[in-house]
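So this block is query-v9.csv, CSV, C-alpha atoms (C1' of nucleotides):
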```csv
chain,number,residue,atom,x,y,z
K,1,MET,CA,-58.8,15.1,111.3
K,2,LYS,CA,-59.3,16.1,107.7
K,3,ILE,CA,-58.8,19.6,106.3
K,4,LYS,CA,-60.3,20.0,102.9
K,5,LEU,CA,-58.9,22.8,100.8
K,6,GLY,CA,-60.7,24.8,98.1
K,7,TYR,CA,-60.6,28.0,96.1
K,8,ALA,CA,-63.0,30.6,95.0
K,9,CYS,CA,-64.9,30.7,91.7
K,10,LEU,CA,-62.6,30.9,88.8
K,11,PRO,CA,-59.4,28.8,88.3
K,12,VAL,CA,-56.5,30.4,86.5
K,13,SER,CA,-55.2,27.2,84.9
K,14,ILE,CA,-58.0,26.7,82.5
K,15,ASN,CA,-59.5,29.3,80.2
K,16,GLU,CA,-63.1,29.2,81.4
K,17,THR,CA,-65.3,31.8,83.0
K,18,SER,CA,-68.6,31.0,84.5
K,19,SER,CA,-69.3,34.7,85.2
K,20,SER,CA,-69.4,36.5,81.9
K,21,MET,CA,-71.2,39.8,82.3
K,22,LEU,CA,-73.8,41.8,80.7
K,23,THR,CA,-74.3,45.4,81.9
K,24,TYR,CA,-77.8,46.9,81.8
K,25,THR,CA,-76.6,49.7,79.6
K,26,TYR,CA,-75.5,47.2,77.0
K,27,PHE,CA,-78.6,45.0,77.4
K,28,LYS,CA,-80.8,48.1,76.8
K,29,ARG,CA,-78.8,49.1,73.8
K,30,LEU,CA,-79.4,45.7,72.2
K,31,GLY,CA,-83.1,46.3,72.3
K,32,SER,CA,-85.2,43.3,71.3
K,33,ASN,CA,-82.0,41.2,71.0
K,34,GLY,CA,-81.1,41.9,74.7
K,35,TYR,CA,-82.8,38.8,76.0
K,36,ASN,CA,-81.1,36.6,73.3
K,37,LYS,CA,-77.8,37.9,74.4
K,38,LEU,CA,-78.6,37.4,78.0
K,39,ASN,CA,-79.6,33.8,77.3
K,40,GLU,CA,-76.4,33.2,75.4
K,41,ILE,CA,-74.3,34.5,78.2
K,42,ILE,CA,-76.1,32.4,80.8
K,43,LEU,CA,-75.7,29.2,78.7
K,44,SER,CA,-72.0,29.9,78.2
K,45,ASN,CA,-71.7,30.4,82.0
K,46,PHE,CA,-73.3,27.0,82.5
K,47,LYS,CA,-70.9,25.4,80.1
K,48,SER,CA,-67.9,26.9,81.8
K,49,LEU,CA,-69.1,26.0,85.2
K,50,LYS,CA,-69.4,22.4,84.2
K,51,GLU,CA,-65.9,22.5,82.8
K,52,ILE,CA,-64.6,24.1,86.1
K,53,LEU,CA,-66.4,21.4,88.2
K,54,LYS,CA,-64.9,18.7,86.0
K,55,TYR,CA,-61.5,20.2,86.4
K,56,ASN,CA,-61.9,20.4,90.2
K,57,ILE,CA,-63.0,16.8,90.4
K,58,ALA,CA,-60.0,15.7,88.3
K,59,ASN,CA,-57.8,17.6,90.8
K,60,GLU,CA,-59.6,16.3,93.9
K,61,ILE,CA,-60.9,19.7,95.0
K,62,TYR,CA,-64.1,19.3,96.9
K,63,VAL,CA,-64.5,22.7,98.5
K,64,PHE,CA,-65.7,25.3,96.0
K,65,ARG,CA,-67.2,28.8,95.9
K,66,ILE,CA,-69.6,29.1,93.0
K,67,THR,CA,-69.7,32.5,91.2
K,68,SER,CA,-72.4,34.9,92.3
K,69,ASN,CA,-72.7,36.0,88.6
K,70,LEU,CA,-73.9,32.8,86.9
K,71,PHE,CA,-76.9,34.9,85.9
K,72,PRO,CA,-76.1,38.5,85.0
K,73,LEU,CA,-78.8,41.0,85.8
K,74,ALA,CA,-80.5,38.3,87.9
K,75,THR,CA,-82.7,40.6,89.9
K,76,HIS,CA,-82.4,43.8,87.9
K,77,PRO,CA,-85.7,45.6,88.3
K,78,HIS,CA,-86.1,46.1,84.5
K,79,VAL,CA,-85.0,42.6,83.4
K,80,SER,CA,-87.3,39.6,83.9
K,81,LEU,CA,-85.3,36.4,84.2
K,82,ASP,CA,-87.2,33.1,84.2
K,83,LEU,CA,-85.1,30.8,86.3
K,84,LYS,CA,-87.4,27.8,85.5
K,85,LYS,CA,-86.2,28.0,81.9
K,86,TYR,CA,-82.8,26.8,83.1
K,87,GLN,CA,-84.2,24.1,85.4
K,88,SER,CA,-82.5,21.2,83.5
K,89,ASN,CA,-79.2,23.0,83.3
K,90,LEU,CA,-79.3,23.7,87.1
K,91,GLU,CA,-80.2,20.1,87.8
K,92,GLU,CA,-77.3,18.9,85.7
K,93,ILE,CA,-74.9,21.1,87.7
K,94,GLY,CA,-76.5,20.0,90.9
K,95,ASN,CA,-76.0,16.3,90.0
K,96,ILE,CA,-72.3,16.8,89.4
K,97,ILE,CA,-72.0,18.5,92.8
K,98,ASN,CA,-74.0,15.9,94.7
K,99,GLN,CA,-72.4,12.9,93.0
K,100,ASN,CA,-68.9,14.1,93.9
K,101,HIS,CA,-69.8,15.5,97.4
K,102,ILE,CA,-68.6,19.0,96.6
K,103,ARG,CA,-69.2,21.5,99.4
K,104,VAL,CA,-70.5,24.6,97.8
K,105,SER,CA,-70.7,28.2,99.0
K,106,LEU,CA,-71.6,31.5,97.4
K,107,HIS,CA,-70.3,34.9,98.5
K,108,LEU,CA,-72.8,37.8,98.3
K,109,ASP,CA,-71.5,40.6,96.1
K,110,PRO,CA,-70.4,43.6,98.3
K,111,TYR,CA,-73.1,45.8,96.9
K,112,TYR,CA,-75.8,43.8,98.7
K,113,VAL,CA,-76.0,44.9,102.3
K,114,LEU,CA,-78.6,43.4,104.6
K,115,ASN,CA,-78.0,46.0,107.3
K,116,SER,CA,-78.2,49.1,105.1
K,117,ILE,CA,-80.1,52.1,106.3
K,118,ARG,CA,-81.5,52.4,102.8
K,119,ASP,CA,-84.7,50.5,102.3
K,120,ASP,CA,-84.0,49.9,98.6
K,121,VAL,CA,-80.7,48.3,99.3
K,122,VAL,CA,-82.2,46.0,101.9
K,123,SER,CA,-85.0,44.9,99.6
K,124,SER,CA,-82.6,44.3,96.7
K,125,THR,CA,-80.5,42.2,99.1
K,126,ILE,CA,-83.5,40.2,100.0
K,127,ASN,CA,-84.4,39.8,96.3
K,128,ILE,CA,-80.9,38.5,95.4
K,129,LEU,CA,-81.0,36.1,98.4
K,130,THR,CA,-84.4,34.8,97.2
K,131,PHE,CA,-83.0,34.4,93.7
K,132,TYR,CA,-80.0,32.3,95.0
K,133,GLN,CA,-82.4,30.3,97.2
K,134,ASN,CA,-84.4,29.4,94.1
K,135,MET,CA,-81.3,28.7,92.1
K,136,PHE,CA,-80.0,26.2,94.7
K,137,LYS,CA,-83.4,24.7,95.0
K,138,TYR,CA,-83.4,23.8,91.3
K,139,MET,CA,-79.8,22.5,91.7
K,140,ASN,CA,-81.1,20.4,94.6
K,141,ILE,CA,-77.9,20.8,96.6
K,142,ASP,CA,-76.8,21.9,100.1
K,143,TYR,CA,-75.0,25.3,100.2
K,144,LYS,CA,-74.0,28.2,102.3
K,145,ILE,CA,-74.3,31.9,101.4
K,146,VAL,CA,-71.5,34.0,102.9
K,147,THR,CA,-72.1,37.7,103.8
K,148,HIS,CA,-70.6,40.4,105.9
K,149,VAL,CA,-72.4,42.4,108.6
K,150,GLY,CA,-72.4,45.5,106.3
K,151,GLY,CA,-72.3,49.2,107.0
K,152,LYS,CA,-71.8,51.0,110.3
K,153,ALA,CA,-74.1,54.0,109.9
K,154,GLY,CA,-75.2,55.2,113.3
K,155,GLY,CA,-72.3,53.3,114.9
K,156,LYS,CA,-71.4,49.6,115.0
K,157,LYS,CA,-73.9,48.8,117.7
K,158,LEU,CA,-76.8,50.1,115.6
K,159,GLY,CA,-75.3,48.4,112.6
K,160,MET,CA,-75.3,45.1,114.4
K,161,LYS,CA,-78.9,45.6,115.6
K,162,ARG,CA,-80.0,46.4,112.0
K,163,PHE,CA,-78.4,43.2,110.8
K,164,ILE,CA,-80.3,41.1,113.3
K,165,ASP,CA,-83.6,43.0,112.7
K,166,HIS,CA,-83.3,42.5,108.9
K,167,PHE,CA,-82.2,38.9,109.3
K,168,TYR,CA,-85.6,38.2,110.9
K,169,LEU,CA,-87.3,39.5,107.7
K,170,LEU,CA,-85.8,36.6,105.7
K,171,ASP,CA,-87.5,33.5,104.7
K,172,TYR,CA,-86.8,30.5,107.0
K,173,ASP,CA,-85.0,28.6,104.2
K,174,ILE,CA,-82.6,31.6,103.5
K,175,LYS,CA,-81.9,32.1,107.2
K,176,LYS,CA,-80.9,28.4,107.4
K,177,HIS,CA,-78.2,28.8,104.8
K,178,LEU,CA,-76.8,32.2,105.7
K,179,ILE,CA,-73.3,32.4,107.3
K,180,LEU,CA,-71.5,35.5,108.6
K,181,GLU,CA,-67.9,36.5,108.0
K,182,ASN,CA,-65.8,39.0,110.0
K,183,ASP,CA,-64.5,41.9,107.8
K,184,ASP,CA,-61.1,43.7,107.6
K,185,LYS,CA,-62.2,47.1,108.7
K,186,VAL,CA,-65.3,47.3,110.8
K,187,TYR,CA,-66.9,44.2,112.3
K,188,ASN,CA,-64.3,42.1,114.2
K,189,ILE,CA,-64.5,38.5,115.4
K,190,ARG,CA,-66.0,39.6,118.8
K,191,ASN,CA,-68.8,41.5,117.0
K,192,VAL,CA,-69.5,38.7,114.5
K,193,LEU,CA,-69.5,36.0,117.2
K,194,SER,CA,-72.1,37.9,119.3
K,195,ILE,CA,-74.4,38.2,116.2
K,196,CYS,CA,-74.0,34.6,115.3
K,197,LYS,CA,-74.8,33.4,118.8
K,198,LYS,CA,-77.8,35.7,119.0
K,199,ILE,CA,-79.4,34.6,115.7
K,200,ASN,CA,-77.9,31.1,115.7
K,201,ILE,CA,-76.0,31.1,112.4
K,202,PRO,CA,-72.5,29.8,111.6
K,203,PHE,CA,-69.5,32.1,111.8
K,204,VAL,CA,-67.1,31.7,108.9
K,205,LEU,CA,-63.8,33.0,110.1
K,206,ASP,CA,-61.6,34.9,107.7
K,207,TYR,CA,-58.1,34.7,109.2
K,208,HIS,CA,-56.7,37.4,106.9
K,209,HIS,CA,-59.5,39.8,107.9
K,210,PHE,CA,-58.8,39.0,111.5
K,211,MET,CA,-55.2,39.9,111.1
K,212,CYS,CA,-56.3,43.3,109.5
K,213,ASN,CA,-58.9,44.0,112.2
K,214,LYS,CA,-57.8,42.4,115.4
K,215,ASN,CA,-59.0,44.8,118.0
K,216,ASN,CA,-56.4,43.2,120.4
K,217,GLU,CA,-58.3,39.9,120.4
K,218,LYS,CA,-56.4,36.6,120.4
K,219,ILE,CA,-57.6,34.0,117.9
K,220,ASP,CA,-56.9,31.2,120.4
K,221,ASP,CA,-59.6,32.6,122.7
K,222,TYR,CA,-62.2,32.4,119.9
K,223,LEU,CA,-61.6,29.3,117.8
K,224,ASP,CA,-63.7,27.0,120.0
K,225,LYS,CA,-66.5,29.5,120.2
K,226,ILE,CA,-66.4,30.0,116.5
K,227,PHE,CA,-66.5,26.2,115.9
K,228,ASP,CA,-69.5,25.9,118.3
K,229,THR,CA,-71.6,28.0,115.9
K,230,TRP,CA,-71.4,25.2,113.4
K,231,ASP,CA,-73.5,22.0,113.4
K,232,THR,CA,-71.8,20.9,110.2
K,233,ILE,CA,-68.1,21.0,109.2
K,234,PRO,CA,-66.8,24.6,109.9
K,235,LYS,CA,-65.5,26.7,107.0
K,236,ILE,CA,-62.6,29.1,107.3
K,237,HIS,CA,-61.2,31.6,104.7
K,238,PHE,CA,-57.4,31.9,104.5
K,239,SER,CA,-55.3,34.3,102.5
K,240,SER,CA,-52.0,36.1,102.9
K,241,PRO,CA,-51.4,39.9,102.6
K,242,LYS,CA,-50.1,41.2,99.3
K,243,SER,CA,-47.3,43.2,101.0
K,244,LYS,CA,-46.6,45.2,104.1
K,245,LYS,CA,-48.0,48.3,102.4
K,246,GLU,CA,-51.0,46.6,101.0
K,247,LYS,CA,-52.0,44.5,104.0
K,248,ARG,CA,-55.6,44.1,103.1
K,249,ALA,CA,-55.1,43.0,99.5
K,250,HIS,CA,-54.7,39.3,98.7
K,251,HIS,CA,-51.3,37.9,97.8
K,252,ASP,CA,-50.9,35.8,94.6
K,253,TYR,CA,-50.0,32.8,96.8
K,254,ILE,CA,-50.3,31.6,100.4
K,255,ASP,CA,-47.5,32.2,102.9
K,256,ILE,CA,-46.6,28.7,103.9
K,257,ASN,CA,-45.2,29.7,107.3
K,258,MET,CA,-48.4,31.5,108.3
K,259,PHE,CA,-50.5,28.6,107.1
K,260,VAL,CA,-48.5,26.0,109.0
K,261,LYS,CA,-48.7,28.1,112.2
K,262,PHE,CA,-52.5,28.3,111.7
K,263,LEU,CA,-52.7,24.5,111.2
K,264,ASP,CA,-51.0,24.1,114.6
K,265,LYS,CA,-53.8,26.1,116.2
K,266,LEU,CA,-56.5,23.9,114.5
K,267,LYS,CA,-54.8,20.6,115.3
K,268,ILE,CA,-55.9,20.6,119.0
K,269,PHE,CA,-59.6,20.6,118.0
K,270,ASN,CA,-59.2,17.3,116.2
K,271,LYS,CA,-62.2,18.0,113.9
K,272,ASP,CA,-62.8,18.1,110.2
K,273,ILE,CA,-62.6,21.6,108.7
K,274,ASP,CA,-62.9,23.2,105.3
K,275,ILE,CA,-60.5,25.9,104.3
K,276,MET,CA,-61.2,28.2,101.4
K,277,ILE,CA,-57.9,29.5,100.0
K,278,GLU,CA,-58.4,33.0,98.8
K,279,ALA,CA,-55.2,33.8,96.7
K,280,LYS,CA,-55.0,35.7,93.5
K,281,PHE,CA,-53.6,32.7,91.7
K,282,LYS,CA,-56.5,30.6,92.9
K,283,ASP,CA,-56.1,26.9,92.0
K,284,GLU,CA,-52.4,27.4,91.3
K,285,ALA,CA,-51.9,28.8,94.8
K,286,LEU,CA,-53.7,25.9,96.2
K,287,PHE,CA,-51.5,23.4,94.3
K,288,ARG,CA,-48.4,25.2,95.4
K,289,LEU,CA,-49.5,25.1,99.0
K,290,VAL,CA,-50.2,21.4,98.8
K,291,ARG,CA,-46.7,20.8,97.3
K,292,GLN,CA,-45.1,22.8,100.1
K,293,LEU,CA,-47.1,21.0,102.8
K,294,LYS,CA,-46.0,17.6,101.4
K,295,TYR,CA,-42.4,18.8,101.3
K,296,LEU,CA,-42.7,19.7,105.0
K,297,GLY,CA,-43.9,16.1,105.7
K,298,TYR,CA,-47.6,16.7,106.0
K,299,LYS,CA,-49.8,13.9,104.8
K,300,VAL,CA,-51.8,15.3,101.9
K,301,GLU,CA,-54.0,13.3,99.5
K,302,GLY,CA,-55.3,15.3,96.6
K,303,THR,CA,-56.1,18.6,98.3
K,304,ILE,CA,-57.1,17.0,101.7
K,305,ILE,CA,-54.7,17.4,104.6
K,306,PHE,CA,-54.7,14.6,107.2
K,307,LEU,CA,-53.6,15.9,110.6
J,308,DG,C1',-54.8,46.7,66.3
J,309,DG,C1',-53.7,48.1,70.8
J,310,DT,C1',-55.0,51.1,74.8
J,311,DC,C1',-58.0,53.2,77.7
J,312,DG,C1',-62.5,54.7,79.5
J,313,DT,C1',-67.1,53.0,80.7
J,314,DC,C1',-70.4,50.3,83.0
J,315,DA,C1',-72.8,48.6,87.5
J,316,DA,C1',-73.3,48.3,92.6
J,317,DG,C1',-72.6,50.3,98.5
J,318,DG,C1',-69.9,52.1,101.8
J,319,DG,C1',-65.6,53.1,104.2
J,320,DG,C1',-61.9,56.2,103.9
J,321,DT,C1',-59.1,60.3,102.7
J,322,DG,C1',-58.1,65.2,102.3
Q,323,DC,C1',-68.3,67.4,100.5
Q,324,DA,C1',-66.1,65.5,96.6
Q,325,DC,C1',-63.7,62.1,95.2
Q,326,DC,C1',-61.3,57.4,95.3
Q,327,DC,C1',-61.1,52.6,96.3
Q,328,DC,C1',-62.6,47.8,96.0
Q,329,DT,C1',-64.1,43.9,91.5
Q,330,DT,C1',-65.1,42.1,86.8
Q,331,DG,C1',-64.9,41.4,81.5
Q,332,DA,C1',-67.2,43.0,77.5
Q,333,DC,C1',-67.4,46.6,74.6
Q,334,DG,C1',-66.5,50.7,72.0
Q,335,DA,C1',-64.3,55.1,71.3
Q,336,DC,C1',-60.0,56.7,70.2
Q,337,DC,C1',-55.4,57.1,68.3
```
Could you write out this file's structure as C-alpha cells?
Amino acid sequence: MKIKLGYACLPVSINETSSSMLTYTYFKRLGSNGYNKLNEIILSNFKSLKEILKYNIANEIYVFRITSNLFPLATHPHVSLDLKKYQSNLEEIGNIINQNHIRVSLHLDPYYVLNSIRDDVVSSTINILTFYQNMFKYMNIDYKIVTHVGGKAGGKKLGMKRFIDHFYLLDYDIKKHLILENDDKVYNIRNVLSICKKINIPFVLDYHHFMCNKNNEKIDDYLDKIFDTWDTIPKIHFSSPKSKKEKRAHHDYIDINMFVKFLDKLKIFNKDIDIMIEAKFKDEALFRLVRQLKYLGYKVEGTIIFL
DNA sequence: GGTCGTCAAGGGGTG
DNA sequence: CACCCCTTGACGACC
C-alpha cells in the first residue's frame, strides 16, 4: 500500500504566497483603481501558485491543498469578478496539476457555514461553493472541497439535520465534490459518519480533531466505516498538538511517535491513502517527517510511504 | 523605520 | 451580554 503525504496551501521554504489579500475597505478606498488592484493581486497569486506547484513537483509532493483565497473578494456582493477573464490562467494551472497527477483539495474558510440558522450565511456559502465549482471547471481538474458540519444552534441533532437539508439545496456537481471533516469541539466522528452515510459523501478524518473531541469513541471501531464512505483514495488530515496546554493548536512539526502508531492502525487495511500533514512548518515538517520515517526503516520514495 | 491596530468573516466559549 | 479567540497579509497611523 502507498501513503501519499501532502501539506496545505503555502510552503515555508520558498517566498511565495498564492493568497495575497485585498480587503473590501481598501478596495473601496481605491475607487476606480480598485479593480486594477484586484486584477494585479489575482495575477500575482497565479504566478505564486505556479511556483508552488513547480516546487511541489520538484520535491515529489502529490497531495496538495489549494488556497481558498486565490481570488480575494471572490463573491463579495459589491464586487463583480469575471472568472472567465482568467480562463487561460486557470487552464494553465489545471494542466500542471493533471500532467503531474496532483490530488487537489480546497478547505472552505470557517466563515462559510452551510448549516447556519442565518439565511444570508447559507446563501453566501452556496455562492462561494458555486464560485469554486466554476473555478475548478475552468481548471478542468478533479478536486474535493472540505468543510465542517458547522454550528450547533438548537442542539447538535438539529445542526446535523440542517446540514443535510441545506446539502440537498446544492447543485449536483457541488454535492459530488463535497467531503466532510470531524471538528475538534462539536461534531465528533460518530456524528460525521452518520451524516456521510445518509447523504453518501466521503468522510475526511482529522485525527488531531478526533483526539480533541473523542467522546469516548475508539478510532479502531471507525476506520473501516470511514474508508467505506470513499469510492476513491481516502484522505486523512494529520497534525500534532502544540502543547499540553494548547491541545487544539497545531504544532510546528509532526510527533513521529504518534504518526508511526497511526500508520500501524492503517497498515491492516492494505489500501492506498492520502495524508494531509497540517503542521505550522508545512513542507519543512513534511520533509522532517520523511527523514524520521526513513531513519526508522520505513520505505519512502519522495514523500510516498510504501507499507 | 519599526511597531501596532485594522480589516473581514461565523460561531463556540468564557466570565 | 459583552467580549475574545481562531486566520491572514497588506496597509497606514503613530511614535
Exercise for review: Just the residues within 9 Å of Ala74 in chain K, please, counting all atoms listed in the file, with nothing from its chain fewer than 4 positions along; format it as a ChimeraX atom specification.
Suggested key: /K:69-70,79-81,83,128,131
Point to revise | Protein and nucleic acid residues near (-70.9, 48.6, 86.8) (cut-off 12 Å, all atoms listed in the file) as a list of chain:residue names | key: K:Met21, K:Leu22, K:Thr23, K:Tyr24, K:Thr25, K:Tyr26, K:Pro72, K:Leu73, K:Tyr111, J:DT313, J:DC314, J:DA315, J:DA316, J:DG317, Q:DT329, Q:DT330, Q:DG331, Q:DA332
Give me a file of those residues, with C-alpha atoms (C1' of nucleotides), as a short mmCIF file (atom, residue, chain, number, x, y, z; two decimals), in the coordinates of the input.
```cif
data_model
loop_
_atom_site.label_atom_id
_atom_site.label_comp_id
_atom_site.auth_asym_id
_atom_site.auth_seq_id
_atom_site.Cartn_x
_atom_site.Cartn_y
_atom_site.Cartn_z
CA MET K 21 -71.20 39.80 82.30
CA LEU K 22 -73.80 41.80 80.70
CA THR K 23 -74.30 45.40 81.90
CA TYR K 24 -77.80 46.90 81.80
CA THR K 25 -76.60 49.70 79.60
CA TYR K 26 -75.50 47.20 77.00
CA PRO K 72 -76.10 38.50 85.00
CA LEU K 73 -78.80 41.00 85.80
CA TYR K 111 -73.10 45.80 96.90
"C1'" DT J 313 -67.10 53.00 80.70
"C1'" DC J 314 -70.40 50.30 83.00
"C1'" DA J 315 -72.80 48.60 87.50
"C1'" DA J 316 -73.30 48.30 92.60
"C1'" DG J 317 -72.60 50.30 98.50
"C1'" DT Q 329 -64.10 43.90 91.50
"C1'" DT Q 330 -65.10 42.10 86.80
"C1'" DG Q 331 -64.90 41.40 81.50
"C1'" DA Q 332 -67.20 43.00 77.50
#
```
Check your understanding: Any idea which chain K residues end up within 12 Å of chain J if we count all atoms listed in the file, as an MDAnalysis selection string please?
Key -> chainID K and resid 21:27 72:73 76 108:118 120:122 124:125 150:153 183:186
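The smallest atom-to-atom distance between chain Q and any of K:Gln87, K:Arg248, K:Phe71, K:Leu170, using all atoms listed in the file, is found for K:Arg248.
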Review point. Leaving out range 258-272 of chain K and any residue of its chain fewer than 4 positions from it, which residues lie within 6 Å of it when counting all atoms listed in the file, given as a ChimeraX atom specification?
Key: /K:1-3
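Using only C-alpha atoms for every distance, the candidate list K:Leu49, K:Leu43, K:Cys196, K:Val63 yields K:Leu43 as the residue closest to Lys85 in chain K.
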Review point. What is the distance between CA of His251 in chain K and CA of Ala285 in chain K, in Å to one decimal?
Key: 9.6 Å
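Proximity to Thr130 in chain K was assessed for K:Asn59, K:Asn89, K:Thr75, K:Asn257 counting only C-alpha atoms; the smallest distance is recorded for K:Thr75.
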